[in-house]
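S.K.: Sharing entry14.cif, mmCIF, C-alpha atoms:
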```
data_coords
#
loop_
_atom_site.label_atom_id
_atom_site.label_comp_id
_atom_site.auth_asym_id
_atom_site.auth_seq_id
_atom_site.Cartn_x
_atom_site.Cartn_y
_atom_site.Cartn_z
CA MET M 11 6.58 -40.80 -27.16
CA THR M 12 4.65 -38.58 -29.53
CA ALA M 13 1.48 -38.98 -27.53
CA THR M 14 3.29 -38.03 -24.37
CA LEU M 15 4.83 -34.91 -25.89
CA THR M 16 1.53 -33.70 -27.27
CA ALA M 17 -0.44 -34.46 -24.11
CA ALA M 18 1.80 -32.49 -21.73
CA PRO M 19 1.00 -29.00 -23.10
CA ALA M 20 -2.72 -29.80 -22.95
CA VAL M 21 -2.41 -30.70 -19.27
CA ASP M 22 -0.36 -27.53 -18.61
CA ASP M 23 -2.89 -25.40 -20.47
CA LEU M 24 -5.73 -26.94 -18.49
CA ASP M 25 -3.89 -26.31 -15.23
CA HIS M 26 -3.16 -22.68 -16.16
CA ALA M 27 -6.78 -22.18 -17.22
CA ARG M 28 -7.95 -23.60 -13.91
CA HIS M 29 -5.69 -21.21 -11.98
CA ARG M 30 -6.83 -18.25 -14.09
CA GLY M 31 -10.47 -19.17 -13.58
CA ARG M 32 -10.01 -19.46 -9.82
CA ALA M 33 -8.18 -16.12 -9.73
CA LEU M 34 -11.00 -14.46 -11.71
CA LEU M 35 -13.63 -15.81 -9.34
CA LEU M 36 -11.56 -14.73 -6.34
CA GLY M 37 -11.03 -11.25 -7.79
CA ALA M 38 -14.73 -10.85 -8.56
CA GLY M 39 -15.68 -11.95 -5.05
CA LEU M 40 -13.18 -9.59 -3.47
CA GLY M 41 -14.41 -6.75 -5.68
CA VAL M 42 -18.01 -7.27 -4.54
CA ALA M 43 -16.86 -7.53 -0.92
CA LEU M 44 -14.88 -4.31 -1.27
CA VAL M 45 -17.85 -2.36 -2.66
CA ALA M 46 -20.10 -3.63 0.14
CA THR M 47 -17.45 -2.81 2.74
CA LEU M 48 -17.03 0.72 1.38
CA LEU M 49 -20.79 1.36 1.63
CA VAL M 50 -20.97 0.04 5.19
CA ALA M 51 -17.79 1.84 6.28
CA ALA M 52 -19.03 5.18 4.91
CA GLY M 53 -22.10 4.89 7.13
CA LEU M 54 -20.31 4.07 10.37
CA GLY M 55 -19.41 6.74 12.90
CA PRO M 56 -20.94 8.95 15.60
CA VAL M 57 -23.81 9.62 13.18
CA ALA M 58 -24.78 6.25 11.71
CA VAL M 59 -26.14 6.22 8.16
CA PRO M 60 -27.66 3.03 6.65
CA PRO M 61 -25.79 1.54 3.64
CA GLY M 62 -28.83 2.06 1.42
CA THR M 63 -28.87 5.76 2.23
CA VAL M 64 -25.12 5.94 1.61
CA ALA M 65 -25.62 4.34 -1.81
CA ARG M 66 -28.36 6.82 -2.71
CA ILE M 67 -26.26 9.79 -1.61
CA ILE M 68 -23.35 8.58 -3.75
CA GLY M 69 -25.68 7.96 -6.70
CA HIS M 70 -27.20 11.43 -6.30
CA HIS M 71 -23.78 13.11 -6.47
CA THR M 72 -22.28 10.92 -9.21
CA ILE M 73 -25.03 10.03 -11.69
CA GLY M 74 -27.85 12.30 -10.52
CA TYR M 75 -30.07 9.46 -9.30
CA PRO M 76 -32.20 9.68 -7.27
CA VAL M 77 -33.05 13.23 -8.29
CA THR M 78 -34.83 14.13 -5.05
CA ALA M 79 -33.19 13.56 -1.69
CA ASP M 80 -34.91 11.59 1.05
CA TRP M 81 -32.07 12.18 3.50
CA THR M 82 -31.06 15.15 5.61
CA ALA M 83 -28.55 17.82 4.65
CA ALA M 84 -26.38 16.76 7.61
CA GLN M 85 -26.28 13.16 6.36
CA ASP M 86 -25.39 14.38 2.88
CA SER M 87 -22.47 16.47 4.14
CA ILE M 88 -21.16 13.81 6.50
CA VAL M 89 -21.27 11.01 3.93
CA TRP M 90 -20.23 12.83 0.76
CA LEU M 91 -17.73 15.36 2.10
CA VAL M 92 -16.16 13.42 4.98
CA ARG M 93 -16.65 9.67 4.93
CA VAL M 94 -16.69 8.75 1.24
CA PRO M 95 -13.34 10.48 0.55
CA ARG M 96 -11.93 8.81 3.65
CA VAL M 97 -12.96 5.24 2.78
CA LEU M 98 -11.90 5.70 -0.86
CA LEU M 99 -8.51 7.03 0.22
CA GLY M 100 -8.16 4.10 2.62
CA ALA M 101 -8.87 1.64 -0.19
CA LEU M 102 -6.36 3.34 -2.48
CA VAL M 103 -3.62 3.48 0.16
CA GLY M 104 -4.18 -0.14 1.19
CA ALA M 105 -4.12 -1.34 -2.41
CA ALA M 106 -0.95 0.62 -3.20
CA LEU M 107 0.92 -0.61 -0.12
CA ALA M 108 -0.06 -4.23 -0.76
CA ILE M 109 0.86 -4.14 -4.45
CA THR M 110 4.21 -2.46 -3.83
CA GLY M 111 4.92 -4.94 -1.04
CA ALA M 112 4.36 -7.85 -3.43
CA VAL M 113 6.66 -6.24 -6.00
CA LEU M 114 9.40 -5.55 -3.47
CA GLN M 115 9.37 -9.10 -2.13
CA THR M 116 10.21 -10.22 -5.67
CA VAL M 117 12.71 -7.46 -6.46
CA VAL M 118 14.61 -7.79 -3.18
CA ARG M 119 14.00 -11.56 -3.05
CA ASN M 120 13.14 -11.42 0.61
CA VAL M 121 9.78 -12.63 1.91
CA LEU M 122 9.92 -10.13 4.78
CA ALA M 123 10.34 -7.11 2.50
CA ASP M 124 7.74 -4.33 2.45
CA PRO M 125 7.69 -0.65 1.37
CA HIS M 126 9.63 0.30 4.50
CA ILE M 127 12.57 -1.72 3.18
CA LEU M 128 13.37 1.02 0.66
CA GLY M 129 13.55 3.73 3.27
CA VAL M 130 10.96 5.65 1.23
CA THR M 131 8.51 5.68 4.12
CA SER M 132 11.16 7.06 6.46
CA GLY M 133 12.15 9.69 3.90
CA ALA M 134 8.56 10.82 3.48
CA SER M 135 8.20 11.01 7.25
CA THR M 136 11.24 13.25 7.51
CA GLY M 137 9.90 15.52 4.78
CA ALA M 138 6.57 15.81 6.57
CA ALA M 139 8.30 16.52 9.89
CA VAL M 140 10.26 19.37 8.31
CA TYR M 141 7.04 21.03 7.21
CA LEU M 142 5.03 20.35 10.37
CA LEU M 143 7.77 21.54 12.70
CA PHE M 144 9.48 24.29 10.71
CA GLY M 145 6.88 25.43 8.19
CA ILE M 146 6.76 29.08 7.25
CA THR M 147 3.26 29.43 8.67
CA ALA M 148 1.56 27.75 11.58
CA ALA M 149 -1.33 26.68 9.37
CA THR M 150 -1.07 23.17 7.92
CA THR M 151 -2.33 22.70 4.39
CA ALA M 152 -2.78 19.24 2.90
CA THR M 153 -1.06 20.22 -0.35
CA ALA M 154 2.06 21.61 1.33
CA LEU M 155 2.30 18.63 3.69
CA ALA M 156 1.94 16.16 0.82
CA ALA M 157 4.54 18.01 -1.26
CA SER M 158 7.02 18.02 1.61
CA ALA M 159 6.49 14.31 2.33
CA PHE M 160 6.82 13.43 -1.35
CA ALA M 161 10.06 15.43 -1.60
CA GLY M 162 11.44 13.40 1.30
CA ALA M 163 10.42 10.18 -0.42
CA LEU M 164 12.20 11.22 -3.62
CA ALA M 165 15.33 12.12 -1.65
CA ALA M 166 15.34 8.69 0.00
CA THR M 167 14.92 6.97 -3.37
CA ALA M 168 17.79 8.92 -4.93
CA LEU M 169 20.04 8.06 -1.99
CA LEU M 170 19.08 4.40 -2.30
CA PHE M 171 20.20 4.30 -5.91
CA LEU M 172 23.51 5.96 -5.00
CA LEU M 173 24.18 3.41 -2.26
CA ALA M 174 22.93 0.29 -4.05
CA ARG M 175 24.24 0.84 -7.58
CA ILE M 176 27.95 -0.03 -7.60
CA ASN M 177 29.86 -0.77 -10.80
CA GLY M 178 26.62 -0.62 -12.73
CA GLN M 179 25.04 -3.46 -10.73
CA LEU M 180 21.82 -3.26 -8.75
CA THR M 181 21.61 -6.46 -6.72
CA SER M 182 19.00 -7.66 -4.24
CA LEU M 183 21.44 -7.68 -1.33
CA ARG M 184 22.60 -4.12 -1.95
CA LEU M 185 19.02 -2.92 -2.26
CA LEU M 186 18.09 -4.63 1.00
CA LEU M 187 21.05 -3.31 2.95
CA GLY M 188 20.81 0.12 1.35
CA GLY M 189 17.11 0.38 2.17
CA VAL M 190 17.64 -0.61 5.80
CA THR M 191 20.50 1.89 6.13
CA ILE M 192 18.49 4.72 4.61
CA GLY M 193 15.53 3.89 6.83
CA TYR M 194 17.70 4.26 9.94
CA ILE M 195 19.23 7.50 8.65
CA PHE M 196 15.89 9.18 7.99
CA SER M 197 14.32 7.82 11.19
CA ALA M 198 17.17 9.36 13.15
CA ALA M 199 16.72 12.63 11.27
CA THR M 200 13.01 12.70 12.11
CA SER M 201 13.71 12.03 15.79
CA PHE M 202 16.29 14.82 15.83
CA LEU M 203 13.83 17.26 14.23
CA ILE M 204 11.22 16.46 16.88
CA PHE M 205 13.83 16.94 19.63
CA ALA M 206 15.12 20.20 18.15
CA SER M 207 11.69 21.74 17.61
CA ASP M 208 10.31 24.25 20.10
CA ARG M 209 6.71 23.58 19.03
CA PRO M 210 5.16 20.91 21.29
CA GLU M 211 1.94 20.88 19.28
CA GLY M 212 3.90 20.29 16.10
CA ALA M 213 5.80 17.42 17.72
CA ARG M 214 2.51 15.77 18.75
CA THR M 215 1.21 16.20 15.21
CA VAL M 216 4.32 14.57 13.77
CA LEU M 217 4.08 11.62 16.15
CA PHE M 218 0.43 11.08 15.24
CA TRP M 219 1.24 11.37 11.53
CA LEU M 220 4.09 8.87 11.83
CA LEU M 221 1.56 6.22 12.91
CA GLY M 222 -0.72 6.97 9.97
CA SER M 223 -4.15 8.54 9.69
CA LEU M 224 -6.85 8.98 7.06
CA ALA M 225 -8.49 11.87 8.95
CA PRO M 226 -7.19 14.60 6.57
CA ALA M 227 -8.83 12.86 3.57
CA ALA M 228 -10.50 15.16 1.05
CA TRP M 229 -11.66 14.86 -2.54
CA SER M 230 -8.53 16.67 -3.75
CA SER M 231 -6.22 14.10 -2.14
CA VAL M 232 -8.39 11.25 -3.45
CA ALA M 233 -8.15 12.54 -7.02
CA THR M 234 -4.36 12.83 -6.89
CA THR M 235 -3.96 9.42 -5.25
CA VAL M 236 -6.27 7.75 -7.79
CA ALA M 237 -4.10 9.01 -10.65
CA VAL M 238 -0.82 7.87 -9.06
CA VAL M 239 -2.06 4.47 -7.85
CA ALA M 240 -3.79 3.71 -11.17
CA ALA M 241 -0.65 4.55 -13.15
CA ALA M 242 1.58 2.50 -10.82
CA THR M 243 -0.79 -0.48 -10.92
CA VAL M 244 -0.93 -0.52 -14.71
CA ALA M 245 2.85 -0.23 -14.87
CA VAL M 246 3.53 -3.18 -12.54
CA LEU M 247 0.90 -5.31 -14.29
CA LEU M 248 2.76 -4.72 -17.55
CA LEU M 249 5.94 -5.85 -15.76
CA ALA M 250 4.24 -8.96 -14.32
CA PRO M 251 5.71 -11.53 -16.78
CA ARG M 252 9.21 -10.13 -16.22
CA LEU M 253 8.69 -10.22 -12.45
CA ASP M 254 7.76 -13.90 -12.80
CA ALA M 255 11.09 -14.47 -14.54
CA LEU M 256 12.97 -12.44 -11.92
CA ALA M 257 11.39 -14.49 -9.13
CA ALA M 258 13.01 -17.60 -10.62
CA GLY M 259 16.49 -16.07 -10.21
CA ASP M 260 18.77 -13.75 -12.15
CA ASP M 261 20.31 -16.51 -14.26
CA THR M 262 16.91 -17.87 -15.25
CA ALA M 263 15.70 -14.35 -16.05
CA ARG M 264 18.67 -13.74 -18.34
CA THR M 265 18.00 -17.07 -20.07
CA LEU M 266 14.45 -15.88 -20.75
CA GLY M 267 15.74 -12.61 -22.22
CA VAL M 268 14.97 -10.46 -19.15
CA ALA M 269 17.59 -8.00 -17.84
CA PRO M 270 17.40 -8.24 -14.00
CA ASN M 271 19.00 -4.85 -13.31
CA ARG M 272 16.66 -3.06 -15.70
CA ILE M 273 13.57 -4.70 -14.21
CA ARG M 274 14.71 -3.93 -10.66
CA LEU M 275 15.32 -0.29 -11.56
CA SER M 276 11.93 0.06 -13.28
CA ALA M 277 10.10 -1.65 -10.42
CA LEU M 278 11.83 0.46 -7.77
CA LEU M 279 10.97 3.69 -9.55
CA ILE M 280 7.30 2.65 -9.73
CA VAL M 281 7.29 1.59 -6.08
CA ALA M 282 8.94 4.83 -4.97
CA LEU M 283 6.34 6.89 -6.82
CA ALA M 284 3.40 4.95 -5.38
CA VAL M 285 4.69 4.71 -1.81
CA GLY M 286 5.76 8.35 -1.74
CA ALA M 287 2.31 9.43 -2.91
CA VAL M 288 0.30 7.38 -0.41
CA VAL M 289 2.59 8.10 2.54
CA ALA M 290 2.30 11.78 1.72
CA VAL M 291 -1.49 11.72 2.17
CA ALA M 292 -1.91 9.06 4.88
CA GLY M 293 1.30 8.91 6.89
CA ALA M 294 3.49 5.90 7.60
CA ILE M 295 1.25 2.82 7.80
CA GLY M 296 3.05 -0.43 8.47
CA PHE M 297 2.42 -4.16 7.98
CA VAL M 298 0.03 -3.82 5.00
CA GLY M 299 2.75 -4.32 2.40
CA LEU M 300 4.37 -7.07 4.48
CA ILE M 301 1.43 -9.30 5.39
CA VAL M 302 -1.15 -8.90 2.63
CA PRO M 303 1.03 -10.24 -0.26
CA HIS M 304 1.60 -13.49 1.64
CA VAL M 305 -2.13 -13.96 2.16
CA ALA M 306 -2.66 -13.21 -1.53
CA ARG M 307 -0.11 -15.86 -2.52
CA LEU M 308 -1.97 -18.45 -0.48
CA CYS M 309 -5.19 -17.50 -2.29
CA ALA M 310 -4.05 -16.81 -5.86
CA GLY M 311 -0.64 -18.40 -6.30
CA ALA M 312 2.70 -16.84 -7.20
CA ALA M 313 1.99 -15.67 -10.77
CA HIS M 314 2.34 -11.90 -10.52
CA ARG M 315 -0.57 -10.87 -12.73
CA GLN M 316 -3.06 -12.60 -10.42
CA LEU M 317 -1.01 -11.93 -7.30
CA LEU M 318 -0.92 -8.17 -7.82
CA VAL M 319 -4.66 -7.88 -8.44
CA VAL M 320 -5.60 -10.01 -5.42
CA SER M 321 -3.05 -8.20 -3.25
CA GLY M 322 -4.54 -4.83 -4.21
CA LEU M 323 -8.09 -5.91 -3.39
CA LEU M 324 -7.09 -7.54 -0.09
CA GLY M 325 -5.00 -4.51 0.89
CA ALA M 326 -7.91 -2.17 0.16
CA LEU M 327 -10.30 -4.30 2.23
CA PHE M 328 -7.85 -4.60 5.10
CA LEU M 329 -7.12 -0.89 5.41
CA VAL M 330 -10.76 0.19 5.12
CA VAL M 331 -11.73 -2.18 7.93
CA ALA M 332 -8.69 -1.09 9.98
CA ASP M 333 -9.71 2.56 9.57
CA VAL M 334 -13.25 1.81 10.76
CA ALA M 335 -11.77 0.21 13.86
CA ALA M 336 -9.40 3.17 14.37
CA ARG M 337 -12.23 5.72 14.40
CA THR M 338 -14.90 3.75 16.27
CA VAL M 339 -13.25 1.59 18.95
CA PHE M 340 -12.40 4.54 21.22
CA ALA M 341 -14.89 7.06 19.81
CA PRO M 342 -14.96 10.02 19.97
CA ARG M 343 -11.18 9.71 20.13
CA GLU M 344 -9.42 8.31 17.08
CA LEU M 345 -6.54 5.85 17.09
CA PRO M 346 -3.71 6.20 14.58
CA ILE M 347 -4.40 3.56 11.96
CA GLY M 348 -0.85 2.24 12.23
CA ILE M 349 -1.64 0.94 15.71
CA VAL M 350 -4.51 -1.12 14.34
CA THR M 351 -2.51 -2.53 11.42
CA ALA M 352 0.35 -3.40 13.79
CA ALA M 353 -2.03 -5.11 16.23
CA VAL M 354 -3.29 -7.33 13.41
CA GLY M 355 -0.07 -7.63 11.43
CA ALA M 356 2.37 -8.52 14.22
CA PRO M 357 0.62 -11.81 15.17
CA LEU M 358 0.35 -12.72 11.49
CA LEU M 359 4.07 -11.99 11.09
CA LEU M 360 4.85 -14.41 13.93
CA VAL M 361 2.79 -17.07 12.17
CA LEU M 362 4.70 -16.35 8.95
CA ILE M 363 8.05 -16.69 10.71
CA ARG M 364 7.00 -20.06 12.14
CA ARG M 365 6.00 -21.22 8.65
CA LEU M 366 9.39 -20.14 7.30
CA GLN M 367 11.20 -22.04 10.05
CA ALA M 368 9.18 -25.22 9.65
CA PRO M 369 11.03 -26.71 6.63
CA SER M 370 14.48 -26.21 8.20
CA ALA M 371 13.31 -27.80 11.43
CA SER M 372 12.34 -30.92 9.56
#
```
Please go through the file and, once you have read it, give me the structure as C-alpha cells.
M.R.:
Amino acid sequence: MTATLTAAPAVDDLDHARHRGRALLLGAGLGVALVATLLVAAGLGPVAVPPGTVARIIGHHTIGYPVTADWTAAQDSIVWLVRVPRVLLGALVGAALAITGAVLQTVVRNVLADPHILGVTSGASTGAAVYLLFGITAATTATALAASAFAGALAATALLFLLARINGQLTSLRLLLGGVTIGYIFSAATSFLIFASDRPEGARTVLFWLLGSLAPAAWSSVATTVAVVAAATVAVLLLAPRLDALAAGDDTARTLGVAPNRIRLSALLIVALAVGAVVAVAGAIGFVGLIVPHVARLCAGAAHRQLLVVSGLLGALFLVVADVAARTVFAPRELPIGIVTAAVGAPLLLVLIRRLQAPSAS
C-alpha cells in the first residue's frame, strides 16, 4: 500500500511534466511560425517586398541595423508605415479575441461562447456607428472612432452586470442570457442609427466597419492595443489556476477555496477591457474567439495556462493570414476581414457541432 501511495504522485508529476514539455514545444513552434508569417505578410500586396528586405527594413527602424539602406524609399514607406502596423495589429487583435474566447467559454460554461456572447462587440459597434453617422465633423479620426467604440463597449458591460447580477449572484446562465439580450439590443440600435441617418456614405462606412477591417492600422493604434492586450493577457494568466477550478464546477471551486462569483466578475472585467479595445480599432470580427480556443484545446489540453498561450498564438496566426487573404484575393479591392473569418469559421463550427452531438447519439 505504501509503495502504491508513493508511486502515484511520481506518475502524476511525470504526466504533468510531459504535458508542460509538449506545450512549451508547441508554443515555441507557433512563435517561430508567427514571426515568419508576419515577415511574409508584411511583404505581400500590390507592391511585393521579399521577406528578407522586410526584415532589414524592420531592423533598420528598430535597432539601427543595417545602417545603410539597400531598398527604395517607396518600399521603406510601404513596409514600415503601412504594412508592419497592419500585421502587428492583426496579430494583437487575433490573440486578444482568441484568449478572451477561451476565458468566456470557461466563465459562461458554454463551449459555443465567444466575445460576442457578452454583447460587448455589439455595444462597441453602436458606439462607432454614433460617431460615424452623427459625428460633429465629417472627418473621421482614428482616436475619436476608437473612443466612441470603447464607450459603447463599456456601456454594454455595465448593462450586462445590471442584468446578470441578481441578489448578489453572478451565474453562468444569467451571464449567457444577459449577453445575448444585450447583443440584440445594441444590434437593433445600430440598425436603427443606420436607418435614421441621412448620410449614405456614413452608412456604408458603418456596414464595412461592422464586418471588421485592419485598413486604418497605424503605429498609434498598435501602441495602445499592445498595452491593453499585454495587460489583459498577464491578468488572465494570473487567473489561470482559478479558471481551472471554475471549469470543474462551482462546488468544486468552492471546495478548493475559489469564489466563483469573484472570479467571474474579474474575468468579465478583463474580457470587456480587451474586447472593447480591439473592436474599437479593428471593428467587429467574428469566429476567432469561438473556433480558435477549441483548436487550442485539441493541441495543448484544457489547463488554462497552456491553453491561453496557445490560443493567443493561434489567434494571431489565423487573423494575420485572414487579413492577407482579405486584401489580396480581390485586389485592388479589399474584403472586410469578417467575411474571411466567417468563411473559415462557419465550416469549422459545423464540425464542432457534429463532435458535440456524437456522444449523445451513441
S.K.: Please evaluate the PyMOL selection byres ((chain M and resi 351) around 8) against the displayed coordinates and give the resulting residues as a list in words.
M.R.: Ile295, Gly296, Phe297, Val298, Leu329, Ala332, Ile347, Gly348, Ile349, Val350, Ala352, Ala353, Val354 and Gly355 of chain M
S.K.: Applied to this file, what does the PyMOL selection byres ((chain M and resi 90) around 9) return in terms of residues, put as a list of chain:residue names?
M.R.: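 What the PyMOL selection byres ((chain M and resi 90) around 9) grabs from the file is M:Ala52, M:Val64, M:Ile67, M:Ile68, M:His71, M:Gln85, M:Asp86, M:Ser87, M:Ile88, M:Val89, M:Leu91, M:Val92, M:Arg93, M:Val94, M:Pro95.
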S.K.: Can you list, as a ChimeraX atom specification, every protein, DNA or RNA residue that comes within 9 Å of Asp80 (chain M) when you count all atoms listed in the file, leaving out same-chain residues fewer than 3 positions away?
M.R.: /M:63,66,76
S.K.: What separation in Å, quoted to one decimal, exists between CA of Ala213 (chain M) and CA of Ala341 (chain M)?
M.R.: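 Interatomic distance, CA of Ala213 (chain M) to CA of Ala341 (chain M): 23.2 Å.
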S.K.: Return the single residue from M:Val103, M:Leu224, M:Leu253, M:Val117 that is closest to Ala336 (chain M), with distances computed using only C-alpha atoms.
M.R.: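 Nearest candidate to Ala336 (chain M) out of M:Val103, M:Leu224, M:Leu253, M:Val117: M:Leu224.
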S.K.: Using the chain letters and numbering of this document, enumerate as a VMD selection string the residues selected by the PyMOL selection byres ((chain M and resi 156-172) around 9).
M.R.: chain M and resid 128 to 141 151 to 155 173 to 176 180 185 188 to 189 191 to 193 196 231 275 278 to 279 282 to 283 285 to 291 293
S.K.: So which residues touch region 30-33 of chain M within 9 Å, counting only C-alpha atoms, skipping near sequence neighbours fewer than 5 positions away, as an MDAnalysis selection string?
M.R.: chainID M and resid 25 38 309:311 316:317 320
S.K.: Take the residues just selected and output them with C-alpha atoms as a PDB file, in the coordinates of the input.
M.R.:
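For reference, selection22.pdb as written:
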```
ATOM      1  CA  ASP M  25      -3.890 -26.310 -15.230  1.00  0.00           C
ATOM      2  CA  ALA M  38     -14.730 -10.850  -8.560  1.00  0.00           C
ATOM      3  CA  CYS M 309      -5.190 -17.500  -2.290  1.00  0.00           C
ATOM      4  CA  ALA M 310      -4.050 -16.810  -5.860  1.00  0.00           C
ATOM      5  CA  GLY M 311      -0.640 -18.400  -6.300  1.00  0.00           C
ATOM      6  CA  GLN M 316      -3.060 -12.600 -10.420  1.00  0.00           C
ATOM      7  CA  LEU M 317      -1.010 -11.930  -7.300  1.00  0.00           C
ATOM      8  CA  VAL M 320      -5.600 -10.010  -5.420  1.00  0.00           C
TER       9      VAL M 320
END
```
S.K.: Name all residues at most 12 Å from Ala241 (chain M) (count all atoms listed in the file; drop same-chain ones fewer than 5 positions away) and give them as a ChimeraX atom specification.
M.R.: /M:106,234-236,246-248,280-281,283-284,287
S.K.: As a list of chain:residue names, please: the residues near Gly299 (chain M) (cut-off 10 Å, only C-alpha atoms, same-chain neighbours under 6 positions excluded).
M.R.: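 Near Gly299 (chain M), the qualifying residues are M:Gly104, M:Ala105, M:Ala106, M:Leu107, M:Ala108, M:Ile109, M:Thr110, M:Gly111, M:Ala112, M:Val113, M:Leu114, M:Gln115, M:Leu122, M:Ala123, M:Asp124, M:Pro125, M:His126, M:Ser321, M:Gly322, M:Gly325.
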S.K.: Dig up all the protein and nucleic acid residues within 10 Å of (12.0, -15.9, -19.1) in the file frame, using only C-alpha atoms, and format them as a ChimeraX atom specification.
M.R.: /M:251-256,258-269
S.K.: So how many Å separate CA of Val330 (chain M) and CA of Leu99 (chain M), to one decimal?
M.R.: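 CA of Leu99 (chain M) lies 8.7 Å from CA of Val330 (chain M).
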S.K.: Please report the interatomic distance between CA of Val97 (chain M) and CA of Trp229 (chain M) in Å with one decimal.
M.R.: 11.1 Å
S.K.: Under the rule that only C-alpha atoms are counted, which of M:Ala242, M:Leu54, M:Leu143, M:Leu358 is the nearest residue to Ser201 (chain M)?
M.R.: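 For Ser201 (chain M), the nearest of the given residues is M:Leu143.
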S.K.: Mind giving me the axis-aligned box for region 122-129 of chain M with 6 Å on every side, centre plus edges in Å to one decimal, as JSON?
M.R.:
```
{"center_x": 10.6, "center_y": -3.2, "center_z": 2.7, "size_x": 17.9, "size_y": 25.9, "size_z": 16.1}
```
S.K.: Would you please work out which residue, of M:Ala43, M:Leu102, M:Val77, M:Leu318, is nearest to Val238 (chain M) when using all atoms listed in the file?
M.R.: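 Counting all atoms listed in the file, the residue closest to Val238 (chain M) is M:Leu102.
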